[in-house]
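Peer 1: Below is the file protein29.pdb, with PDB, C-alpha atoms.
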MODEL        1
ATOM      1  CA  ARG A   1     -19.297   9.627 -17.128  1.00  0.00           C
ATOM      2  CA  CYS A   2     -22.981  10.575 -17.194  1.00  0.00           C
ATOM      3  CA  ARG A   3     -22.917  12.057 -13.680  1.00  0.00           C
ATOM      4  CA  VAL A   4     -26.206  10.448 -12.649  1.00  0.00           C
ATOM      5  CA  SER A   5     -27.261   8.619  -9.503  1.00  0.00           C
ATOM      6  CA  VAL A   6     -28.120   4.928  -9.706  1.00  0.00           C
ATOM      7  CA  PHE A   7     -30.146   2.544  -7.553  1.00  0.00           C
ATOM      8  CA  VAL A   8     -28.735  -0.963  -7.086  1.00  0.00           C
ATOM      9  CA  HIS A   9     -30.736  -3.774  -5.525  1.00  0.00           C
ATOM     10  CA  CYS A  10     -30.766  -7.522  -6.085  1.00  0.00           C
ATOM     11  CA  SER A  11     -33.543  -9.908  -5.066  1.00  0.00           C
ATOM     12  CA  ASP A  12     -32.637  -9.925  -1.355  1.00  0.00           C
ATOM     13  CA  GLY A  13     -30.263  -6.965  -1.257  1.00  0.00           C
ATOM     14  CA  TRP A  14     -27.165  -8.302   0.486  1.00  0.00           C
ATOM     15  CA  ASP A  15     -25.241 -10.360  -2.087  1.00  0.00           C
ATOM     16  CA  ARG A  16     -24.878  -8.918  -5.575  1.00  0.00           C
ATOM     17  CA  THR A  17     -25.675  -5.454  -4.230  1.00  0.00           C
ATOM     18  CA  SER A  18     -22.509  -5.439  -2.149  1.00  0.00           C
ATOM     19  CA  GLN A  19     -20.505  -6.971  -4.989  1.00  0.00           C
ATOM     20  CA  VAL A  20     -21.575  -4.463  -7.632  1.00  0.00           C
ATOM     21  CA  CYS A  21     -21.478  -1.350  -5.449  1.00  0.00           C
ATOM     22  CA  ALA A  22     -18.094  -2.131  -3.897  1.00  0.00           C
ATOM     23  CA  LEU A  23     -16.508  -2.876  -7.278  1.00  0.00           C
ATOM     24  CA  ALA A  24     -17.987   0.286  -8.812  1.00  0.00           C
ATOM     25  CA  MET A  25     -16.575   2.403  -5.978  1.00  0.00           C
ATOM     26  CA  LEU A  26     -13.206   0.698  -6.288  1.00  0.00           C
ATOM     27  CA  LEU A  27     -13.039   1.536  -9.993  1.00  0.00           C
ATOM     28  CA  MET A  28     -14.306   5.098  -9.711  1.00  0.00           C
ATOM     29  CA  GLU A  29     -12.695   6.366  -6.508  1.00  0.00           C
ATOM     30  CA  PRO A  30      -8.864   6.189  -6.125  1.00  0.00           C
ATOM     31  CA  PHE A  31      -9.129   6.415  -2.316  1.00  0.00           C
ATOM     32  CA  TYR A  32     -10.614   2.915  -2.150  1.00  0.00           C
ATOM     33  CA  ARG A  33      -7.526   1.602  -3.944  1.00  0.00           C
ATOM     34  CA  THR A  34      -5.342   2.554  -0.987  1.00  0.00           C
ATOM     35  CA  LEU A  35      -4.757   0.114   1.854  1.00  0.00           C
ATOM     36  CA  SER A  36      -6.838   2.080   4.364  1.00  0.00           C
ATOM     37  CA  GLY A  37      -9.463   2.889   1.742  1.00  0.00           C
ATOM     38  CA  PHE A  38      -9.950  -0.761   0.810  1.00  0.00           C
ATOM     39  CA  ILE A  39     -10.476  -1.660   4.466  1.00  0.00           C
ATOM     40  CA  ILE A  40     -13.067   1.116   4.750  1.00  0.00           C
ATOM     41  CA  LEU A  41     -14.757  -0.115   1.573  1.00  0.00           C
ATOM     42  CA  ILE A  42     -15.202  -3.614   3.009  1.00  0.00           C
ATOM     43  CA  GLU A  43     -16.385  -2.204   6.322  1.00  0.00           C
ATOM     44  CA  LYS A  44     -18.910   0.081   4.623  1.00  0.00           C
ATOM     45  CA  GLU A  45     -20.260  -1.973   1.737  1.00  0.00           C
ATOM     46  CA  TRP A  46     -20.067  -5.442   3.268  1.00  0.00           C
ATOM     47  CA  LEU A  47     -19.970  -5.419   7.066  1.00  0.00           C
ATOM     48  CA  ALA A  48     -22.030  -2.307   7.882  1.00  0.00           C
ATOM     49  CA  PHE A  49     -24.345  -2.955   4.935  1.00  0.00           C
ATOM     50  CA  GLY A  50     -25.400  -6.269   6.442  1.00  0.00           C
ATOM     51  CA  TYR A  51     -23.870  -8.952   4.258  1.00  0.00           C
ATOM     52  CA  LYS A  52     -24.565 -12.304   5.940  1.00  0.00           C
ATOM     53  CA  PHE A  53     -21.032 -13.555   6.546  1.00  0.00           C
ATOM     54  CA  GLN A  54     -22.191 -16.106   9.120  1.00  0.00           C
ATOM     55  CA  GLN A  55     -24.836 -17.602   6.859  1.00  0.00           C
ATOM     56  CA  ARG A  56     -22.764 -17.540   3.673  1.00  0.00           C
ATOM     57  CA  THR A  57     -19.555 -18.989   5.174  1.00  0.00           C
ATOM     58  CA  GLY A  58     -21.092 -21.213   7.866  1.00  0.00           C
ATOM     59  CA  HIS A  59     -18.837 -20.287  10.780  1.00  0.00           C
ATOM     60  CA  GLY A  60     -19.315 -22.898  13.484  1.00  0.00           C
ATOM     61  CA  ASP A  61     -22.116 -24.594  11.542  1.00  0.00           C
ATOM     62  CA  LYS A  62     -21.913 -28.366  11.042  1.00  0.00           C
ATOM     63  CA  HIS A  63     -24.394 -28.364   8.149  1.00  0.00           C
ATOM     64  CA  SER A  64     -21.958 -28.132   5.235  1.00  0.00           C
ATOM     65  CA  GLY A  65     -24.723 -28.808   2.720  1.00  0.00           C
ATOM     66  CA  ASP A  66     -26.742 -25.729   3.700  1.00  0.00           C
ATOM     67  CA  GLU A  67     -28.087 -24.128   0.509  1.00  0.00           C
ATOM     68  CA  GLN A  68     -27.462 -20.678   1.989  1.00  0.00           C
ATOM     69  CA  ARG A  69     -23.681 -21.146   1.704  1.00  0.00           C
ATOM     70  CA  ALA A  70     -22.253 -19.062  -1.147  1.00  0.00           C
ATOM     71  CA  PRO A  71     -18.795 -17.702  -2.109  1.00  0.00           C
ATOM     72  CA  ILE A  72     -20.105 -14.183  -2.774  1.00  0.00           C
ATOM     73  CA  PHE A  73     -17.327 -12.404  -0.885  1.00  0.00           C
ATOM     74  CA  ILE A  74     -14.654 -14.671  -2.393  1.00  0.00           C
ATOM     75  CA  GLN A  75     -15.951 -13.756  -5.857  1.00  0.00           C
ATOM     76  CA  PHE A  76     -15.562 -10.082  -4.985  1.00  0.00           C
ATOM     77  CA  VAL A  77     -11.975 -10.455  -3.770  1.00  0.00           C
ATOM     78  CA  ASP A  78     -11.109 -12.595  -6.792  1.00  0.00           C
ATOM     79  CA  THR A  79     -12.464  -9.838  -9.050  1.00  0.00           C
ATOM     80  CA  VAL A  80     -10.354  -7.256  -7.217  1.00  0.00           C
ATOM     81  CA  TRP A  81      -7.314  -9.459  -7.841  1.00  0.00           C
ATOM     82  CA  GLN A  82      -8.190  -9.679 -11.545  1.00  0.00           C
ATOM     83  CA  ILE A  83      -8.366  -5.863 -11.726  1.00  0.00           C
ATOM     84  CA  THR A  84      -5.035  -5.446  -9.933  1.00  0.00           C
ATOM     85  CA  ASN A  85      -3.450  -7.590 -12.646  1.00  0.00           C
ATOM     86  CA  GLN A  86      -4.681  -5.183 -15.313  1.00  0.00           C
ATOM     87  CA  PHE A  87      -3.624  -2.110 -13.320  1.00  0.00           C
ATOM     88  CA  PRO A  88      -0.592  -3.228 -11.272  1.00  0.00           C
ATOM     89  CA  CYS A  89       0.396   0.319 -10.282  1.00  0.00           C
ATOM     90  CA  ALA A  90      -3.080   1.601  -9.383  1.00  0.00           C
ATOM     91  CA  PHE A  91      -3.431  -0.132  -6.007  1.00  0.00           C
ATOM     92  CA  GLU A  92      -1.509   0.660  -2.839  1.00  0.00           C
ATOM     93  CA  PHE A  93      -2.141  -2.841  -1.467  1.00  0.00           C
ATOM     94  CA  ASN A  94      -0.759  -6.073  -2.875  1.00  0.00           C
ATOM     95  CA  GLU A  95      -1.881  -9.648  -3.380  1.00  0.00           C
ATOM     96  CA  ALA A  96      -0.803 -10.585   0.139  1.00  0.00           C
ATOM     97  CA  LEU A  97      -3.576  -8.400   1.569  1.00  0.00           C
ATOM     98  CA  LEU A  98      -6.246 -10.157  -0.491  1.00  0.00           C
ATOM     99  CA  LEU A  99      -4.865 -13.557   0.519  1.00  0.00           C
ATOM    100  CA  ALA A 100      -4.826 -12.569   4.189  1.00  0.00           C
ATOM    101  CA  ILE A 101      -8.423 -11.349   4.063  1.00  0.00           C
ATOM    102  CA  LEU A 102      -9.708 -14.577   2.495  1.00  0.00           C
ATOM    103  CA  HIS A 103      -7.593 -16.750   4.782  1.00  0.00           C
ATOM    104  CA  HIS A 104      -9.005 -15.113   7.899  1.00  0.00           C
ATOM    105  CA  LEU A 105     -12.518 -15.109   6.472  1.00  0.00           C
ATOM    106  CA  HIS A 106     -12.485 -18.808   7.413  1.00  0.00           C
ATOM    107  CA  SER A 107      -9.774 -18.990  10.099  1.00  0.00           C
ATOM    108  CA  CYS A 108     -12.025 -17.510  12.833  1.00  0.00           C
ATOM    109  CA  LEU A 109      -8.927 -16.031  14.487  1.00  0.00           C
ATOM    110  CA  PHE A 110     -10.509 -12.576  14.286  1.00  0.00           C
ATOM    111  CA  GLY A 111     -14.060 -11.396  14.876  1.00  0.00           C
ATOM    112  CA  THR A 112     -14.150  -9.098  11.857  1.00  0.00           C
ATOM    113  CA  PHE A 113     -16.236 -11.466   9.715  1.00  0.00           C
ATOM    114  CA  PHE A 114     -18.340 -13.022  12.462  1.00  0.00           C
ATOM    115  CA  CYS A 115     -22.165 -12.832  12.495  1.00  0.00           C
ATOM    116  CA  ASP A 116     -24.665 -11.565   9.939  1.00  0.00           C
ATOM    117  CA  ASN A 117     -25.024  -7.894  10.910  1.00  0.00           C
ATOM    118  CA  GLU A 118     -23.544  -5.081  12.997  1.00  0.00           C
ATOM    119  CA  LYS A 119     -25.879  -5.642  15.958  1.00  0.00           C
ATOM    120  CA  GLU A 120     -24.817  -9.268  16.347  1.00  0.00           C
ATOM    121  CA  ARG A 121     -21.163  -8.362  15.787  1.00  0.00           C
ATOM    122  CA  LEU A 122     -21.201  -5.816  18.625  1.00  0.00           C
ATOM    123  CA  ALA A 123     -22.068  -8.638  21.040  1.00  0.00           C
ATOM    124  CA  VAL A 124     -18.791 -10.455  20.291  1.00  0.00           C
ATOM    125  CA  LYS A 125     -16.605  -7.449  19.526  1.00  0.00           C
ATOM    126  CA  GLY A 126     -15.257  -7.170  23.063  1.00  0.00           C
ATOM    127  CA  ASN A 127     -14.075 -10.784  23.051  1.00  0.00           C
ATOM    128  CA  THR A 128     -12.454 -10.849  19.612  1.00  0.00           C
ATOM    129  CA  ALA A 129      -9.590  -9.100  17.846  1.00  0.00           C
ATOM    130  CA  SER A 130      -9.819  -7.020  14.679  1.00  0.00           C
ATOM    131  CA  LEU A 131      -8.187  -8.246  11.494  1.00  0.00           C
ATOM    132  CA  TRP A 132      -7.714  -4.648  10.363  1.00  0.00           C
ATOM    133  CA  ALA A 133      -5.666  -3.797  13.444  1.00  0.00           C
ATOM    134  CA  GLU A 134      -3.386  -6.752  12.724  1.00  0.00           C
ATOM    135  CA  ILE A 135      -2.979  -5.755   9.071  1.00  0.00           C
ATOM    136  CA  LEU A 136      -2.264  -2.090   9.804  1.00  0.00           C
ATOM    137  CA  GLN A 137       0.242  -3.083  12.480  1.00  0.00           C
ATOM    138  CA  HIS A 138       2.204  -4.991   9.816  1.00  0.00           C
ATOM    139  CA  ARG A 139       1.459  -2.594   6.987  1.00  0.00           C
ATOM    140  CA  GLU A 140       4.786  -3.182   5.201  1.00  0.00           C
ATOM    141  CA  LYS A 141       3.701  -6.731   4.306  1.00  0.00           C
ATOM    142  CA  TYR A 142       0.723  -5.493   2.350  1.00  0.00           C
ATOM    143  CA  VAL A 143       2.081  -2.455   0.492  1.00  0.00           C
ATOM    144  CA  ASN A 144       2.542  -2.556  -3.269  1.00  0.00           C
ATOM    145  CA  PRO A 145       6.002  -1.061  -4.053  1.00  0.00           C
ATOM    146  CA  SER A 146       4.852  -0.323  -7.618  1.00  0.00           C
ATOM    147  CA  TYR A 147       1.942   1.865  -6.472  1.00  0.00           C
ATOM    148  CA  SER A 148       1.780   5.190  -8.297  1.00  0.00           C
ATOM    149  CA  SER A 149      -1.158   7.300  -7.138  1.00  0.00           C
ATOM    150  CA  TYR A 150      -0.474  10.276  -9.407  1.00  0.00           C
ATOM    151  CA  MET A 151      -0.727   8.079 -12.515  1.00  0.00           C
ATOM    152  CA  HIS A 152      -4.093   6.583 -11.518  1.00  0.00           C
ATOM    153  CA  SER A 153      -6.092   9.419  -9.980  1.00  0.00           C
ATOM    154  CA  HIS A 154      -8.964   8.724 -12.379  1.00  0.00           C
ATOM    155  CA  ALA A 155     -11.561   5.996 -12.911  1.00  0.00           C
ATOM    156  CA  LEU A 156     -10.358   2.603 -14.095  1.00  0.00           C
ATOM    157  CA  TYR A 157     -11.906   0.812 -17.063  1.00  0.00           C
ATOM    158  CA  PRO A 158     -10.786  -2.832 -16.995  1.00  0.00           C
ATOM    159  CA  VAL A 159     -11.214  -5.168 -19.946  1.00  0.00           C
ATOM    160  CA  ALA A 160     -14.059  -7.527 -19.081  1.00  0.00           C
ATOM    161  CA  SER A 161     -13.294 -10.123 -21.757  1.00  0.00           C
ATOM    162  CA  ILE A 162     -13.127 -13.699 -20.496  1.00  0.00           C
ATOM    163  CA  ARG A 163      -9.773 -13.956 -22.279  1.00  0.00           C
ATOM    164  CA  ARG A 164      -8.307 -11.641 -19.646  1.00  0.00           C
ATOM    165  CA  LEU A 165      -9.406 -13.798 -16.716  1.00  0.00           C
ATOM    166  CA  GLN A 166      -6.619 -15.625 -14.900  1.00  0.00           C
ATOM    167  CA  PHE A 167      -6.580 -18.530 -12.486  1.00  0.00           C
ATOM    168  CA  TRP A 168      -5.614 -17.203  -9.049  1.00  0.00           C
ATOM    169  CA  SER A 169      -3.172 -19.954  -8.167  1.00  0.00           C
ATOM    170  CA  ALA A 170      -1.801 -18.144  -5.102  1.00  0.00           C
ATOM    171  CA  TYR A 171      -5.226 -18.587  -3.487  1.00  0.00           C
ATOM    172  CA  TYR A 172      -6.865 -21.647  -5.032  1.00  0.00           C
ATOM    173  CA  SER A 173      -3.612 -23.655  -5.097  1.00  0.00           C
ATOM    174  CA  ARG A 174      -2.085 -22.065  -1.984  1.00  0.00           C
ATOM    175  CA  TRP A 175      -1.496 -25.377  -0.215  1.00  0.00           C
ATOM    176  CA  LYS A 176       0.211 -27.007  -3.165  1.00  0.00           C
ATOM    177  CA  GLY A 177       3.964 -27.411  -2.728  1.00  0.00           C
ATOM    178  CA  ARG A 178       6.228 -27.481   0.298  1.00  0.00           C
ATOM    179  CA  THR A 179       6.402 -23.726   0.884  1.00  0.00           C
ATOM    180  CA  HIS A 180       3.379 -21.531   1.414  1.00  0.00           C
ATOM    181  CA  SER A 181       3.200 -19.076  -1.518  1.00  0.00           C
ATOM    182  CA  THR A 182       2.131 -16.217   0.747  1.00  0.00           C
ATOM    183  CA  GLU A 183       5.264 -16.561   2.855  1.00  0.00           C
ATOM    184  CA  ARG A 184       7.494 -16.393  -0.223  1.00  0.00           C
ATOM    185  CA  TYR A 185       5.595 -13.354  -1.419  1.00  0.00           C
ATOM    186  CA  HIS A 186       5.960 -11.620   1.950  1.00  0.00           C
ATOM    187  CA  TYR A 187       9.725 -12.063   1.932  1.00  0.00           C
ATOM    188  CA  GLY A 188      10.037 -10.549  -1.549  1.00  0.00           C
ATOM    189  CA  VAL A 189       7.708  -7.610  -0.931  1.00  0.00           C
ATOM    190  CA  SER A 190       9.256  -6.873   2.447  1.00  0.00           C
ATOM    191  CA  GLY A 191      12.705  -6.557   0.859  1.00  0.00           C
ATOM    192  CA  ILE A 192      11.428  -4.291  -1.912  1.00  0.00           C
ATOM    193  CA  PHE A 193       9.543  -2.166   0.587  1.00  0.00           C
ATOM    194  CA  GLN A 194      12.675  -1.674   2.701  1.00  0.00           C
ATOM    195  CA  VAL A 195      14.694  -0.615  -0.349  1.00  0.00           C
ATOM    196  CA  CYS A 196      11.977   1.830  -1.427  1.00  0.00           C
ATOM    197  CA  GLN A 197      11.735   3.266   2.073  1.00  0.00           C
ATOM    198  CA  SER A 198      15.520   3.686   2.222  1.00  0.00           C
ATOM    199  CA  LEU A 199      15.539   5.499  -1.128  1.00  0.00           C
ATOM    200  CA  LYS A 200      12.681   7.724   0.003  1.00  0.00           C
ATOM    201  CA  ASP A 201      14.554   8.641   3.179  1.00  0.00           C
ATOM    202  CA  GLN A 202      17.626   9.510   1.118  1.00  0.00           C
ATOM    203  CA  CYS A 203      15.535  11.691  -1.203  1.00  0.00           C
ATOM    204  CA  ASP A 204      13.982  13.475   1.768  1.00  0.00           C
ATOM    205  CA  ALA A 205      17.425  14.078   3.269  1.00  0.00           C
ATOM    206  CA  LEU A 206      18.755  15.471  -0.023  1.00  0.00           C
ATOM    207  CA  GLN A 207      15.700  17.684  -0.404  1.00  0.00           C
ATOM    208  CA  SER A 208      16.257  19.065   3.097  1.00  0.00           C
ATOM    209  CA  ARG A 209      19.880  19.835   2.258  1.00  0.00           C
ATOM    210  CA  LEU A 210      18.816  21.601  -0.934  1.00  0.00           C
ATOM    211  CA  ASP A 211      16.254  23.653   0.975  1.00  0.00           C
ATOM    212  CA  GLU A 212      18.890  24.647   3.526  1.00  0.00           C
ATOM    213  CA  GLN A 213      21.318  25.570   0.744  1.00  0.00           C
ATOM    214  CA  GLN A 214      18.718  27.776  -0.912  1.00  0.00           C
ATOM    215  CA  VAL A 215      18.064  29.572   2.385  1.00  0.00           C
ATOM    216  CA  ASP A 216      21.803  30.147   2.856  1.00  0.00           C
ATOM    217  CA  ASP A 217      22.133  31.509  -0.691  1.00  0.00           C
ATOM    218  CA  MET A 218      19.273  33.919  -0.094  1.00  0.00           C
ATOM    219  CA  ASP A 219      20.896  35.131   3.134  1.00  0.00           C
ATOM    220  CA  ASP A 220      24.157  35.755   1.281  1.00  0.00           C
TER     221      ASP A 220
ENDMDL
END
Re-express the file's structure as structure tokens.
Peer 2:
Amino acid sequence: RCRVSVFVHCSDGWDRTSQVCALAMLLMEPFYRTLSGFIILIEKEWLAFGYKFQQRTGHGDKHSGDEQRAPIFIQFVDTVWQITNQFPCAFEFNEALLLAILHHLHSCLFGTFFCDNEKERLAVKGNTASLWAEILQHREKYVNPSYSSYMHSHALYPVASIRRLQFWSAYYSRWKGRTHSTERYHYGVSGIFQVCQSLKDQCDALQSRLDEQQVDDMDD
């Protein structure tokens, strides 16, 4: 609103700095609310910035009581989920994307969140797969069918009251019950996405026919 630059820096510079800056960009810039934009946001403000994923998550470290462990990135993703609940049509990605990111933060199936900085990550990049490549290859699983970019091309101002906070059961209680909640969600979203895509194709076909009809009328 004030159109001024700001300087953000916490005590060490790689925890709350990434949290605050990434959330501010998400709220102010609609591009970061798209699927590709959100991936770029994490790459830019967390991975390239130098957030210590290795130290904070303890990949391959047997010392579970290390005081350097901290759920900083989980807090960020949880906050994004809280915002998506207040603005369900403002984000191109869905809850399944956030669940996948946090699941693979600890799964170690991909090298995306390995190491503490870009230099160290380059050493293992050739021997690991990218989580982003996997997500983009199965994009339909992570698309929000209610996304409406033209209605949310402005900054978002969420209500920060504690009364609006919700317990993210799909993540924190994800192993409760006989069926994984993410799998059920994928099935539902996939069906909606296919219907939306079919309707879009029909609209495009009708628009093409109308365009052809207009050209024929002009020729007559």
Peer 1: Produce the centre coordinates and the three edge lengths, each in Å to one decimal, of the box along x, y and z that contains all listed atoms of segment 136-152 of chain A with 5 Å added on each side, as lines of an AutoDock Vina configuration file.
Peer 2:
center_x = 1.0
center_y = 1.8
center_z = 0.0
size_x = 20.1
size_y = 27.0
size_z = 35.0
Peer 1: Write out as CSV a residue-level contact list of segment 44-79 of chain A versus segment 27-36 of chain A with cut-off 12 Å: for each qualifying residue the closest pair of atoms and the distance in Å to one decimal, counting only C-alpha atoms, rows sorted by chain and residue number upward.
Peer 2:
residue,atom,partner,partner_atom,distance
A:Lys44,CA,A:Tyr32,CA,11.1
A:Glu45,CA,A:Tyr32,CA,11.5
A:Thr79,CA,A:Leu27,CA,11.4
Peer 1: What is the atom CA of His106 of chain A to atom CA of Leu26 of chain A distance in Å?
Peer 2: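 We find that atom CA of His106 of chain A and atom CA of Leu26 of chain A lie 23.8 Å from each other.
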Peer 1: For the file shown, what are the residues hit by the PyMOL selection byres ((chain A and resi 22) around 9), laid out as an MDAnalysis selection string?
Peer 2: chainID A and resid 17:21 23:27 41:42 44:46 76
Peer 1: Could you tell me which residues the PyMOL selection byres ((chain A and resi 89) around 7) grabs in this file, written as a VMD selection string?
Peer 2: chain A and resid 87 to 88 90 to 91 146 to 148
Peer 1: With C-alpha atoms kept, could you save the residues just selected as a short mmCIF file (atom, residue, chain, number, x, y, z; two decimals), in the frame of the given file?
Peer 2:
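Generated file (part-v7.cif):
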data_model
loop_
_atom_site.label_atom_id
_atom_site.label_comp_id
_atom_site.auth_asym_id
_atom_site.auth_seq_id
_atom_site.Cartn_x
_atom_site.Cartn_y
_atom_site.Cartn_z
CA PHE A 87 -3.62 -2.11 -13.32
CA PRO A 88 -0.59 -3.23 -11.27
CA ALA A 90 -3.08 1.60 -9.38
CA PHE A 91 -3.43 -0.13 -6.01
CA SER A 146 4.85 -0.32 -7.62
CA TYR A 147 1.94 1.86 -6.47
CA SER A 148 1.78 5.19 -8.30
#
Peer 1: Using the chain letters and numbers from this file, what does the PyMOL selection byres ((chain A and resi 159-166) around 10) select? Give the answer as a PyMOL selection string.
Peer 2: chain A and resi 78-79+81-83+85-86+156-158+167-169
Peer 1: Please report the interatomic distance between atom CA of Gln54 of chain A and atom CA of Phe113 of chain A in Å with one decimal.
Peer 2: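 Separation of atom CA of Gln54 of chain A and atom CA of Phe113 of chain A: 7.6 Å.
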Peer 1: Looking at all atoms listed in the file, which of A:Phe110, A:Asp66, A:Gly37, A:Lys52 is the one that sits closest to Asp12 of chain A?
Peer 2: A:Lys52
Peer 1: Rounded to one decimal, what separation in Å do you get between atom CA of Thr128 of chain A and atom CA of Phe114 of chain A?
Peer 2: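 Distance reported for this atom pair: 9.5 Å.
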Peer 1: Restricting the calculation to all atoms listed in the file: of A:Leu47, A:Leu136, A:Gly111, A:Cys203, which residue gets closest to Val124 of chain A?
Peer 2: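 When distances to Val124 of chain A are compared using all atoms listed in the file, the smallest one comes from A:Gly111.
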Peer 1: Residues within 8 Å of Trp14 of chain A, please, as a ChimeraX atom specification. Count only C-alpha atoms; anything in the same chain fewer than 5 positions from it doesn't count.
Peer 2: /A:49-52
